[in-house]
Amino acid sequence: MDVLNKIPVSEQDPKERAHNFDEVCLGYKAEEAQCEASRCINCKNAQCIKGCPVAINIPGFIEQVKNGDFEAAYQIISESSALPAICGRVCPQESQCEGKCIRGIKGDPISIGKLERFVADWARENNIKPQGAKELNGKKVAVIGSGPAGLTCAGDLAKLGYDVTIFEALHEPGGVLVYGIPEFRLPKEDVVKKEIENVKSLGVKIETNVVIGKSTTIDELLEEEGFDAVFIGSGAGLPKFMGIPGEQANGVFSANEYLTRSNLMKAFKNASDTPIMHATKVAVVGGGNVAMDAARTALRLGAEVHVVYRRSEEELPARKEEVHHAKEEGIIFDLLTNPVEIIADENGWVSGIKCIKMELGEPDASGRRRPVEVAGSEFVMDVDCVIMSLGTSPNPLISSTTKGLEINNHKCIVADEEYGKTTKEAVYAGGDAVTGAATVILAMGAGKAAAKGIHEYLSNK
Amino acid sequence: MYKIVDARELTTNIYLFEVEAKRVAKSCLPGQFVIVRTNEDSERIPLTISDYNREKGTITIVVQTIGAGTTMMKSLKTGDYFHDFVGPLGKASDLCYEDIDELKKKSIIFVAGGLGTAPVYPQVKWLHEHGVDADVIIGAKTKDLLIYEDEMKEVAANLYVTTDDGSYGRSGMVTKTLTDLVKEEGKQYNHCVAIGPMIMMKFVCLTTKELNIPTIVSMNPIMVDGTGMCGACRLTVGGEVKFACVDGPEFDGHLVDFDQAMKRQAIYKTAEGRALLKLQEGDTHHGGCGICGGDK
């Protein structure tokens with residue numbers, strides 16, 4: 001074995017997977033995982049842990065994988081993460097743990113994400129559960145939202161002995177893990193549901209179909225329902241549109257709608273009652289991970305798919321791996337291209353998208369080179385469906401119905417970074433509701449921090 | 001799971017369900033809606049609240065069985081359960097927030113069409129309970145399709161029933177009754193609330209514009225989550241894009257772009273038809289009906 005090169009992980013063939021919703025990455029087998037683990041040099045001053053938002057003892061669990069004690073490896077991960085099978089799949093490891101790996105200086109970094117996934121999958125298959133609290137401390141905490149931030153915060157608090165209830169607005173717990181990320185990246189039945197079951201096995205209750213701000217309010221939870229503290233992990237669910245002419249035409253969808261229909265409502269299956277448009281040629285506008293998810297979903301539903309992005313490949317905000325997978329599957333990238341109008345036929349259906357070519361100018365506030373229109377370069381692309389994937393912002397439902405909860409001008413809840421403490425006593429917040437749309441693991445990190453904050457607050461109360 | 005404490009067929013294909021949903025019953029107001037799912041694989045169906053009982057903790061909804069999702073509800077009996085029932089969603093009617101004394105000075109007319117009669121009822125009832133009078137026009141295609149007549153009589157100051165075919169009450173569309181009331185029968189109104197099929201609301205708005213009566217409509221576009229997440233329900237109101245689920249469902253009817261809204265209603269028409277045929281015909285359905293587009 002060449003210690004400089006990682007053990008490759010097997011994947012479904014691109015030609016085949018372009019037509020199904022089965023998982024793309026097939027994961028390591030035990031011997032492959034042990035082999036990959038043996039590349040780890042077990043640094044004394046482990047940089048990878050510093051790169052992990054929830055500070056998993058990475059060399060510790062990898063050591064156990066190397067030894068073949070996968071259960072011990074699982075318990076080490078569980079100390080820090082409630083959702084390892086999910087994180088192993090969707091974390092941007094290249095910019096976190098793996099990005100800091102010393103092995104990566106010369107050669108490939110250790111495939112930490114794939115090892116984490118292997119350990120979590122092994123534990124699930126062998127019915128190993130995380131360990132809960134020995135006894136309850138009699139204090140009640142409400143967690144709003146059952147996405148990554150909420151599940152993590154709830155799991156951590158339950159382990160500390162709190163009586164935790166999660167309130168979820170949709171009919172199914174999981175938040176973005178269920179409505180946003182597609183089956184082929186994150187299987188729902190086998191992975192998401194099982195990890196949520198694990199959180200429930202710690203004693204966490206989940207009440208679905210409760211829209212905080214409508215069905216009840218945070219003030220009512222604190223004053224009438226006897227909760228001692230509240231964590232808000234309600235995410236960033238509101239879609240953005242471009243505001244260009246024709247955007248209300250039939251066949252223009254937010255990525256949120258398109259993905260929710262397919263992922264949460266299972267419209268990709270024939271048995272589902274929920275309809276989804278089976279388009280012929282789709283333009284997905286945007287270049288983030290959500291855009292990649294929407295594009296690859298549309299492809300699997302039978303369309304020719306173009307990703308329309310106003311900057312160049314260099315600036316694509318999506319993970320490299322996602323872009324790579326999308327290209328392998330046959331997604332066409334129309335870069336340095338920006339839509340200016342959506343054209344509809346006489347019945348109101350999308351018939352084309354008018355775009356203008358862009359070129360990169362001076363760097364803007366984000367440090368990326370600002371895209372500038374090339375005069376006279378407009379052209380029309382014939383499409384029958386446009387999916388807008390331009391990012392999302394937090395839902396004002398909670399902030400507008402909670403007394404004393406401050407938000408900033410991006411509608412994000414103001415909360416301190418260390419413990420997620422908001423401007424309202426006993427109320428903590430974290431994840432996309434605070435930062436705006438970010439990643440699963442950052443939300444988990446924030447959920448974890450808030451659990452610490454809430455524990456400290458209630459212990460001293 | 002949400003228990004159905006009363007299930008009744010009001011008329012052909014129109015069903016009433018009174019459902020135990022304590023959180024919704026505690027906090028809802030007239031004008032708001034709920035989203036229901038019959039079983040684990042069902043669509044999320046938005047329905048405007050038709051009545052509520054805070055003591056019993058129940059919500060009443062009235063459903064016309066047209067799509068696959070609603071057709072499945074036909075078989076639900078008293079004692080059965082809805083798998084999911086979430087709400088109250090959307091904003092309550094503006095009337096609920098107005099000063100009662102100011103409301104009493106107003107001359108209000110409700111125009112209800114078909115199934116839209118059900119969501120009109122809690123608004124008129126709420127006003128009645130607060131000592132505010134309101135007249136009501138109920139329109140139905142034919143006598144047999146009329147719903148909520150007796151209930152409405154109890155709470156409306158004056159009730160005018162009209163049927164398209166003249167089989168009961170007055171004859172003709174609701175717009176004719178409204179025009180007759182104002183132009184022929186000396187009625188004066190300065191506030192109108194119209195709830196019914198989009199095409200009816202559009203024509204009521206054209207009529208009230210002419211009669212110079214400010215008009216509120218309750219929009220019922222396609223939606224998925226009902227909390228502002230998907231944007232499927234977006235409408236253009238006064239040149240601005242609004243989400244019916246969080247900004248509405250009630251809007252100034254004179255500012256709503258009805259033609260666009262009606263086009264958007266058609267997005268899944270064929271898909272809905274296909275789902276219904278599949279449900280009715282089961283495995284025997286293989287397309288070829290010429291309408292549904294086969295099993296594409």
# chains A, B, ... in the order shown; residues from 1 in each chain; ligands from 1
call {"tool": "closest_atom_pairs", "arguments": {"of": "chain B", "to": "chain A", "cutoff": "9 Å", "atoms": "only C-alpha atoms", "output": "Markdown table"}}
result
| residue | atom | partner | partner_atom | distance |
| --- | --- | --- | --- | --- |
| B:Arg23 | CA | A:Ser215 | CA | 5.6 |
| B:Val24 | CA | A:Ser215 | CA | 5.6 |
| B:Ala25 | CA | A:Ser215 | CA | 8.8 |
| B:Lys26 | CA | A:Ser215 | CA | 8.1 |
| B:Ser27 | CA | A:Ser215 | CA | 6.3 |
| B:Cys28 | CA | A:Ser215 | CA | 7.9 |
| B:Arg37 | CA | A:His171 | CA | 8.8 |
| B:Asp41 | CA | A:Ser272 | CA | 6.3 |
| B:Ser42 | CA | A:Asp273 | CA | 5.8 |
| B:Glu43 | CA | A:Thr274 | CA | 5.1 |
| B:Arg44 | CA | A:Thr274 | CA | 8.0 |
| B:Ala68 | CA | A:Asp273 | CA | 7.0 |
| B:Gly69 | CA | A:Asp273 | CA | 6.8 |
| B:His83 | CA | A:His171 | CA | 8.8 |
| B:Asp84 | CA | A:His171 | CA | 6.4 |
| B:Phe85 | CA | A:Asn209 | CA | 6.6 |
| B:Val86 | CA | A:Asn209 | CA | 4.9 |
| B:Gly87 | CA | A:Ser215 | CA | 5.8 |
| B:Pro88 | CA | A:Ser215 | CA | 5.9 |
| B:Leu89 | CA | A:Lys214 | CA | 6.5 |
| B:Gly90 | CA | A:Lys214 | CA | 8.3 |
| B:Met223 | CA | A:Glu257 | CA | 8.9 |
| B:Val224 | CA | A:Glu257 | CA | 7.3 |
| B:Asp225 | CA | A:Leu170 | CA | 7.1 |
| B:Thr227 | CA | A:Val211 | CA | 8.1 |
| B:Gly228 | CA | A:Leu238 | CA | 6.0 |
| B:Met229 | CA | A:Leu238 | CA | 4.8 |
| B:Cys230 | CA | A:Glu257 | CA | 4.2 |
| B:Gly231 | CA | A:Ser254 | CA | 6.5 |
| B:Ala232 | CA | A:Glu257 | CA | 6.6 |
| B:Arg234 | CA | A:Gln248 | CA | 7.5 |
| B:Leu235 | CA | A:Gln248 | CA | 7.6 |
| B:Thr236 | CA | A:Gln248 | CA | 8.2 |
| B:Val241 | CA | A:Gln248 | CA | 8.6 |
| B:Val246 | CA | A:Leu397 | CA | 8.6 |
| B:Gln260 | CA | A:Gly348 | CA | 7.7 |
| B:Lys263 | CA | A:Gly348 | CA | 6.4 |
| B:Arg264 | CA | A:Asn250 | CA | 5.9 |
| B:Ala266 | CA | A:Asn250 | CA | 8.3 |
| B:Ile267 | CA | A:Asn250 | CA | 6.1 |
| B:Tyr268 | CA | A:Pro275 | CA | 6.6 |
| B:Ala271 | CA | A:Pro275 | CA | 5.9 |
| B:Glu272 | CA | A:Pro275 | CA | 7.0 |
| B:Ala275 | CA | A:Asp273 | CA | 6.3 |
| B:Leu276 | CA | A:Asp273 | CA | 8.8 |
| B:Lys296 | CA | A:His278 | CA | 8.7 |
call {"tool": "write_last_selection", "arguments": {"atoms": "C-alpha atoms", "output": "compact mmCIF listing (two decimals), in the first residue's frame"}}
result
# COMPACT_ATOMS: atom_id res chain seq x y z
CA ARG B 23 -53.07 23.50 19.37
CA VAL B 24 -54.81 24.70 16.22
CA ALA B 25 -58.17 25.18 17.96
CA LYS B 26 -56.52 27.18 20.72
CA SER B 27 -54.83 29.73 18.50
CA CYS B 28 -56.75 29.95 15.21
CA ARG B 37 -52.62 14.60 5.07
CA ASP B 41 -48.07 8.88 1.58
CA SER B 42 -50.64 11.60 1.02
CA GLU B 43 -50.16 15.00 -0.45
CA ARG B 44 -50.23 18.02 1.86
CA ALA B 68 -56.45 12.20 -5.68
CA GLY B 69 -55.61 13.46 -2.21
CA HIS B 83 -52.30 11.34 9.67
CA ASP B 84 -51.28 14.99 9.82
CA PHE B 85 -53.07 18.22 10.62
CA VAL B 86 -51.04 21.40 10.99
CA GLY B 87 -51.95 25.01 11.58
CA PRO B 88 -53.28 27.53 11.95
CA LEU B 89 -51.41 28.86 8.92
CA GLY B 90 -51.54 32.20 7.16
CA MET B 223 -48.76 25.10 -1.97
CA VAL B 224 -46.52 22.51 -0.34
CA ASP B 225 -45.33 23.47 3.14
CA THR B 227 -44.96 28.25 5.97
CA GLY B 228 -43.19 30.29 3.29
CA MET B 229 -40.60 27.71 2.33
CA CYS B 230 -41.44 26.66 -1.19
CA GLY B 231 -42.85 29.68 -2.97
CA ALA B 232 -45.29 27.57 -5.01
CA ARG B 234 -46.63 33.05 -5.10
CA LEU B 235 -48.99 35.60 -6.59
CA THR B 236 -48.68 39.08 -7.96
CA VAL B 241 -44.79 39.11 -5.49
CA VAL B 246 -47.58 33.69 4.85
CA GLN B 260 -51.74 34.82 -13.63
CA LYS B 263 -52.69 29.97 -15.01
CA ARG B 264 -50.59 28.91 -12.04
CA ALA B 266 -53.06 24.64 -13.87
CA ILE B 267 -49.43 23.64 -13.25
CA TYR B 268 -50.22 20.14 -12.07
CA ALA B 271 -50.55 15.36 -13.03
CA GLU B 272 -53.48 15.59 -10.63
CA ALA B 275 -53.09 10.61 -9.88
CA LEU B 276 -56.88 10.50 -9.60
CA LYS B 296 -45.56 9.33 -18.82
call {"tool": "residues_around", "arguments": {"residues": "segment 121-124 of chain A", "least_positions_apart": "4", "cutoff": "10 Å", "atoms": "only C-alpha atoms", "output": "JSON list (two decimals) with N, CA and C atoms, in the first residue's frame"}}
result
[["chain", "number", "residue", "atom", "x", "y", "z"],
["A", 27, "GLY", "N", -19.53, 3.57, -0.06],
["A", 27, "GLY", "CA", -18.89, 3.43, 1.27],
["A", 27, "GLY", "C", -17.80, 2.37, 1.29],
["A", 28, "TYR", "N", -17.00, 2.42, 2.36],
["A", 28, "TYR", "CA", -15.91, 1.45, 2.53],
["A", 28, "TYR", "C", -16.42, 0.11, 3.04],
["A", 29, "LYS", "N", -15.73, -0.94, 2.68],
["A", 29, "LYS", "CA", -15.92, -2.23, 3.36],
["A", 29, "LYS", "C", -14.95, -2.23, 4.55],
["A", 30, "ALA", "N", -15.14, -3.19, 5.48],
["A", 30, "ALA", "CA", -14.34, -3.19, 6.71],
["A", 30, "ALA", "C", -12.83, -3.19, 6.43],
["A", 70, "PHE", "N", -14.84, -1.56, 15.99],
["A", 70, "PHE", "CA", -15.70, -0.53, 15.41],
["A", 70, "PHE", "C", -16.70, 0.03, 16.42],
["A", 71, "GLU", "N", -17.09, -0.79, 17.39],
["A", 71, "GLU", "CA", -18.03, -0.31, 18.42],
["A", 71, "GLU", "C", -17.37, 0.79, 19.27],
["A", 72, "ALA", "N", -16.12, 0.54, 19.64],
["A", 72, "ALA", "CA", -15.39, 1.56, 20.42],
["A", 72, "ALA", "C", -15.26, 2.84, 19.59],
["A", 73, "ALA", "N", -14.99, 2.66, 18.30],
["A", 73, "ALA", "CA", -14.87, 3.83, 17.42],
["A", 73, "ALA", "C", -16.18, 4.61, 17.42],
["A", 74, "TYR", "N", -17.30, 3.88, 17.36],
["A", 74, "TYR", "CA", -18.62, 4.53, 17.33],
["A", 74, "TYR", "C", -18.86, 5.32, 18.61],
["A", 75, "GLN", "N", -18.53, 4.73, 19.76],
["A", 75, "GLN", "CA", -18.79, 5.43, 21.01],
["A", 75, "GLN", "C", -17.94, 6.69, 21.12],
["A", 84, "PRO", "N", -23.49, 10.90, 13.04],
["A", 84, "PRO", "CA", -22.29, 10.59, 12.27],
["A", 84, "PRO", "C", -22.55, 10.01, 10.87],
["A", 85, "ALA", "N", -23.61, 9.24, 10.69],
["A", 85, "ALA", "CA", -23.86, 8.67, 9.36],
["A", 85, "ALA", "C", -24.23, 9.78, 8.38],
["A", 86, "ILE", "N", -24.85, 10.84, 8.92],
["A", 86, "ILE", "CA", -25.22, 11.98, 8.07],
["A", 86, "ILE", "C", -23.97, 12.82, 7.77],
["A", 88, "GLY", "N", -20.81, 12.01, 7.90],
["A", 88, "GLY", "CA", -19.86, 11.30, 7.05],
["A", 88, "GLY", "C", -20.21, 11.45, 5.58],
["A", 115, "LEU", "N", -14.48, 7.32, 6.65],
["A", 115, "LEU", "CA", -14.29, 6.45, 7.82],
["A", 115, "LEU", "C", -15.40, 6.67, 8.85],
["A", 116, "GLU", "N", -15.77, 7.93, 9.03],
["A", 116, "GLU", "CA", -16.86, 8.24, 9.97],
["A", 116, "GLU", "C", -18.14, 7.57, 9.51],
["A", 117, "ARG", "N", -18.39, 7.68, 8.22],
["A", 117, "ARG", "CA", -19.57, 7.06, 7.62],
["A", 117, "ARG", "C", -19.53, 5.53, 7.82],
["A", 128, "ILE", "N", -26.03, -0.87, 17.31],
["A", 128, "ILE", "CA", -25.37, -0.22, 18.45],
["A", 128, "ILE", "C", -25.98, 1.17, 18.61],
["A", 129, "LYS", "N", -26.38, 1.52, 19.82],
["A", 129, "LYS", "CA", -27.03, 2.81, 20.06],
["A", 129, "LYS", "C", -26.11, 3.71, 20.91],
["A", 130, "PRO", "N", -26.27, 5.02, 20.77],
["A", 130, "PRO", "CA", -25.50, 5.90, 21.66],
["A", 130, "PRO", "C", -26.03, 5.77, 23.09],
["A", 190, "ASP", "N", -32.83, 4.55, 5.56],
["A", 190, "ASP", "CA", -31.73, 3.82, 6.19],
["A", 190, "ASP", "C", -30.83, 4.69, 7.04],
["A", 191, "VAL", "N", -30.67, 5.95, 6.66],
["A", 191, "VAL", "CA", -29.69, 6.78, 7.36],
["A", 191, "VAL", "C", -30.36, 7.84, 8.23],
["A", 194, "LYS", "N", -32.90, 6.54, 10.88],
["A", 194, "LYS", "CA", -32.23, 5.77, 11.93],
["A", 194, "LYS", "C", -31.47, 6.69, 12.88],
["A", 195, "GLU", "N", -30.83, 7.72, 12.34],
["A", 195, "GLU", "CA", -30.10, 8.62, 13.24],
["A", 195, "GLU", "C", -31.08, 9.41, 14.12],
["A", 198, "ASN", "N", -32.03, 7.26, 16.87],
["A", 198, "ASN", "CA", -30.98, 7.26, 17.89],
["A", 198, "ASN", "C", -31.14, 8.43, 18.86]]
call {"tool": "residues_around", "arguments": {"residues": "segment 184-195 of chain B", "least_positions_apart": "5", "cutoff": "7 Å", "atoms": "only C-alpha atoms", "output": "mmCIF file with C-alpha atoms, in the first residue's frame"}}
result
data_model
loop_
_atom_site.group_PDB
_atom_site.id
_atom_site.type_symbol
_atom_site.label_atom_id
_atom_site.label_comp_id
_atom_site.auth_asym_id
_atom_site.auth_seq_id
_atom_site.Cartn_x
_atom_site.Cartn_y
_atom_site.Cartn_z
ATOM 1 C CA LYS B 106 -69.210 49.361 8.292
ATOM 2 C CA SER B 107 -71.683 47.860 5.905
ATOM 3 C CA ILE B 108 -70.261 44.444 5.072
ATOM 4 C CA ILE B 109 -71.237 41.968 2.371
ATOM 5 C CA PHE B 110 -69.771 38.459 2.075
ATOM 6 C CA VAL B 111 -69.935 36.739 -1.293
ATOM 7 C CA ALA B 112 -69.520 32.984 -1.024
ATOM 8 C CA GLY B 113 -69.273 30.645 -3.978
ATOM 9 C CA GLY B 116 -66.073 28.912 -0.467
ATOM 10 C CA VAL B 120 -66.984 32.442 4.888
ATOM 11 C CA MET B 201 -63.520 35.959 -7.143
ATOM 12 C CA ILE B 213 -66.694 48.536 -2.863
ATOM 13 C CA PRO B 214 -63.265 47.596 -1.421
ATOM 14 C CA THR B 215 -62.978 43.819 -1.669
ATOM 15 C CA ILE B 216 -60.942 41.181 0.120
ATOM 16 C CA VAL B 217 -60.459 37.757 -1.469
ATOM 17 C CA SER B 218 -59.045 34.539 0.005
#
call {"tool": "select_by_dssp", "arguments": {"residues": "segment 193-269 of chain A", "states": "helix (DSSP H, G or I)", "output": "VMD selection string"}}
result
chain A and resid 193 to 201 218 to 223 255 to 263
call {"tool": "write_last_selection", "arguments": {"atoms": "N, CA and C atoms", "output": "compact mmCIF listing (two decimals), in the first residue's frame"}}
result
# COMPACT_ATOMS: atom_id res chain seq x y z
N LYS A 193 -33.61 8.53 9.05
CA LYS A 193 -34.59 8.05 10.02
C LYS A 193 -33.90 7.34 11.18
N LYS A 194 -32.90 6.54 10.88
CA LYS A 194 -32.23 5.77 11.93
C LYS A 194 -31.47 6.69 12.88
N GLU A 195 -30.83 7.72 12.34
CA GLU A 195 -30.10 8.62 13.24
C GLU A 195 -31.08 9.41 14.12
N ILE A 196 -32.24 9.74 13.56
CA ILE A 196 -33.26 10.43 14.37
C ILE A 196 -33.77 9.47 15.44
N GLU A 197 -33.92 8.20 15.08
CA GLU A 197 -34.32 7.19 16.08
C GLU A 197 -33.31 7.15 17.23
N ASN A 198 -32.03 7.26 16.87
CA ASN A 198 -30.98 7.26 17.89
C ASN A 198 -31.14 8.43 18.86
N VAL A 199 -31.46 9.61 18.28
CA VAL A 199 -31.66 10.78 19.14
C VAL A 199 -32.88 10.54 20.04
N LYS A 200 -33.93 9.95 19.46
CA LYS A 200 -35.12 9.65 20.27
C LYS A 200 -34.79 8.62 21.37
N SER A 201 -33.89 7.70 21.05
CA SER A 201 -33.56 6.67 22.04
C SER A 201 -32.84 7.27 23.25
N ILE A 218 -43.10 30.96 21.42
CA ILE A 218 -42.02 30.73 22.39
C ILE A 218 -42.44 31.22 23.77
N ASP A 219 -43.11 32.39 23.80
CA ASP A 219 -43.56 32.92 25.09
C ASP A 219 -44.52 31.94 25.77
N GLU A 220 -45.40 31.33 24.98
CA GLU A 220 -46.34 30.36 25.56
C GLU A 220 -45.61 29.10 26.05
N LEU A 221 -44.60 28.68 25.30
CA LEU A 221 -43.84 27.49 25.73
C LEU A 221 -43.19 27.75 27.09
N LEU A 222 -42.65 28.97 27.25
CA LEU A 222 -41.96 29.30 28.50
C LEU A 222 -42.93 29.56 29.64
N GLU A 223 -44.02 30.28 29.31
CA GLU A 223 -44.92 30.71 30.39
C GLU A 223 -46.03 29.72 30.70
N ALA A 255 -35.74 26.13 -5.78
CA ALA A 255 -35.10 24.82 -5.53
C ALA A 255 -35.76 24.17 -4.33
N ASN A 256 -36.15 25.00 -3.35
CA ASN A 256 -36.84 24.48 -2.16
C ASN A 256 -38.10 23.71 -2.54
N GLU A 257 -38.92 24.29 -3.42
CA GLU A 257 -40.16 23.61 -3.81
C GLU A 257 -39.84 22.31 -4.56
N TYR A 258 -38.95 22.43 -5.53
CA TYR A 258 -38.64 21.27 -6.37
C TYR A 258 -38.08 20.13 -5.52
N LEU A 259 -37.14 20.48 -4.64
CA LEU A 259 -36.52 19.44 -3.80
C LEU A 259 -37.49 18.91 -2.74
N THR A 260 -38.32 19.80 -2.18
CA THR A 260 -39.28 19.34 -1.17
C THR A 260 -40.26 18.35 -1.79
N ARG A 261 -40.71 18.66 -2.99
CA ARG A 261 -41.61 17.72 -3.65
C ARG A 261 -40.95 16.36 -3.84
N SER A 262 -39.70 16.40 -4.27
CA SER A 262 -39.02 15.13 -4.54
C SER A 262 -38.58 14.42 -3.26
N ASN A 263 -37.98 15.17 -2.33
CA ASN A 263 -37.38 14.51 -1.16
C ASN A 263 -38.37 14.23 -0.05
call {"tool": "select_by_dssp", "arguments": {"residues": "segment 30-115 of chain B", "states": "strand (DSSP E or B)", "output": "ChimeraX atom specification"}}
result
/B:33-37,45-48,51-53,58-64,81-82,84-89,108-113
call {"tool": "atom_distance", "arguments": {"atom1": "atom CA of Ala46 of chain A", "atom2": "atom CA of Val9 of chain A"}}
result
24.2 Å
call {"tool": "closest_residue", "arguments": {"among": "B:His254, B:Lys141, B:Lys269, B:Lys242", "to": "Gly114 of chain B", "atoms": "only C-alpha atoms"}}
result
B:Lys141
call {"tool": "atom_distance", "arguments": {"atom1": "atom CA of Ala21 of chain B", "atom2": "atom CA of Ile59 of chain B"}}
result
6.5 Å
call {"tool": "residues_around", "arguments": {"residues": "Glu359 of chain A", "least_positions_apart": "4", "cutoff": "8 Å", "atoms": "only C-alpha atoms", "output": "ChimeraX atom specification"}}
result
/A:311,336,371-374
call {"tool": "closest_residue", "arguments": {"among": "A:Ile244, A:Leu151, A:Ile413, A:Ala446", "to": "Glu341 of chain A", "atoms": "only C-alpha atoms"}}
result
A:Ile244
call {"tool": "residues_around", "arguments": {"residues": "Lys104 of chain B", "least_positions_apart": "6", "cutoff": "12 Å", "atoms": "only C-alpha atoms", "output": "ChimeraX atom specification"}}
result
/B:95,98,127-128,130-134,190-191
call {"tool": "write_last_selection", "arguments": {"atoms": "N, CA and C atoms", "output": "JSON list (two decimals), in the first residue's frame"}}
result
[["chain", "number", "residue", "atom", "x", "y", "z"],
["B", 95, "LEU", "N", -60.43, 41.68, 9.53],
["B", 95, "LEU", "CA", -61.58, 42.06, 10.35],
["B", 95, "LEU", "C", -61.33, 41.77, 11.82],
["B", 98, "GLU", "N", -59.60, 44.66, 13.62],
["B", 98, "GLU", "CA", -60.15, 46.02, 13.59],
["B", 98, "GLU", "C", -60.91, 46.33, 14.88],
["B", 127, "LEU", "N", -68.06, 37.83, 13.47],
["B", 127, "LEU", "CA", -68.64, 39.18, 13.49],
["B", 127, "LEU", "C", -69.93, 39.18, 14.31],
["B", 128, "HIS", "N", -70.77, 38.18, 14.05],
["B", 128, "HIS", "CA", -72.04, 38.06, 14.76],
["B", 128, "HIS", "C", -71.81, 37.99, 16.27],
["B", 130, "HIS", "N", -69.43, 39.20, 17.85],
["B", 130, "HIS", "CA", -68.93, 40.49, 18.32],
["B", 130, "HIS", "C", -69.94, 41.61, 18.07],
["B", 131, "GLY", "N", -71.18, 41.24, 17.74],
["B", 131, "GLY", "CA", -72.24, 42.22, 17.56],
["B", 131, "GLY", "C", -72.16, 43.02, 16.27],
["B", 132, "VAL", "N", -71.47, 42.47, 15.29],
["B", 132, "VAL", "CA", -71.34, 43.18, 14.01],
["B", 132, "VAL", "C", -72.21, 42.48, 12.96],
["B", 133, "ASP", "N", -73.06, 43.26, 12.31],
["B", 133, "ASP", "CA", -73.93, 42.69, 11.27],
["B", 133, "ASP", "C", -73.21, 42.56, 9.94],
["B", 134, "ALA", "N", -73.53, 41.50, 9.21],
["B", 134, "ALA", "CA", -73.01, 41.36, 7.85],
["B", 134, "ALA", "C", -74.02, 40.62, 6.99],
["B", 190, "ASN", "N", -69.82, 48.99, 2.02],
["B", 190, "ASN", "CA", -68.50, 49.61, 1.87],
["B", 190, "ASN", "C", -67.37, 48.64, 2.21],
["B", 191, "HIS", "N", -67.72, 47.36, 2.35],
["B", 191, "HIS", "CA", -66.67, 46.34, 2.52],
["B", 191, "HIS", "C", -67.21, 45.01, 2.00]]
call {"tool": "closest_residue", "arguments": {"among": "B:Ile45, B:Leu255, B:Val136, B:Leu16", "to": "Lys74 of chain B", "atoms": "only C-alpha atoms"}}
result
B:Leu16
call {"tool": "residues_around", "arguments": {"residues": "segment 376-387 of chain A", "least_positions_apart": "5", "cutoff": "7 Å", "atoms": "only C-alpha atoms", "output": "list in words"}}
result
Gly251, Val252, Phe253, Ser254, Ala255, Ala279, Thr280, Lys281, Val282, Ala283, Val284, Val285, Val350, Ser351, Gly352, Ile353, Lys354, Cys355, Ile356 and Lys357 of chain A
call {"tool": "decode", "arguments": {"residues": "segment 10-20 of chain A", "atoms": "N, CA and C atoms", "output": "JSON list (two decimals), in the first residue's frame"}}
result
[["chain", "number", "residue", "atom", "x", "y", "z"],
["A", 10, "SER", "N", -15.81, 3.02, -3.47],
["A", 10, "SER", "CA", -16.56, 2.67, -4.68],
["A", 10, "SER", "C", -17.84, 3.50, -4.78],
["A", 11, "GLU", "N", -18.18, 3.79, -6.03],
["A", 11, "GLU", "CA", -19.35, 4.60, -6.32],
["A", 11, "GLU", "C", -20.17, 3.92, -7.39],
["A", 12, "GLN", "N", -21.46, 4.24, -7.42],
["A", 12, "GLN", "CA", -22.31, 3.74, -8.50],
["A", 12, "GLN", "C", -21.84, 4.34, -9.81],
["A", 13, "ASP", "N", -21.86, 3.56, -10.87],
["A", 13, "ASP", "CA", -21.43, 4.05, -12.18],
["A", 13, "ASP", "C", -22.28, 5.27, -12.60],
["A", 14, "PRO", "N", -21.60, 6.36, -13.06],
["A", 14, "PRO", "CA", -22.34, 7.59, -13.40],
["A", 14, "PRO", "C", -23.47, 7.35, -14.39],
["A", 15, "LYS", "N", -23.25, 6.51, -15.39],
["A", 15, "LYS", "CA", -24.28, 6.30, -16.41],
["A", 15, "LYS", "C", -25.51, 5.65, -15.80],
["A", 16, "GLU", "N", -25.24, 4.75, -14.90],
["A", 16, "GLU", "CA", -26.35, 4.04, -14.26],
["A", 16, "GLU", "C", -27.08, 4.95, -13.28],
["A", 17, "ARG", "N", -26.31, 5.63, -12.43],
["A", 17, "ARG", "CA", -26.93, 6.39, -11.34],
["A", 17, "ARG", "C", -27.68, 7.62, -11.84],
["A", 18, "ALA", "N", -27.37, 8.07, -13.10],
["A", 18, "ALA", "CA", -28.09, 9.21, -13.66],
["A", 18, "ALA", "C", -29.57, 8.89, -13.81],
["A", 19, "HIS", "N", -29.92, 7.61, -13.72],
["A", 19, "HIS", "CA", -31.32, 7.20, -13.91],
["A", 19, "HIS", "C", -31.95, 6.63, -12.66],
["A", 20, "ASN", "N", -31.26, 6.72, -11.53],
["A", 20, "ASN", "CA", -31.91, 6.21, -10.31],
["A", 20, "ASN", "C", -31.62, 7.14, -9.13]]
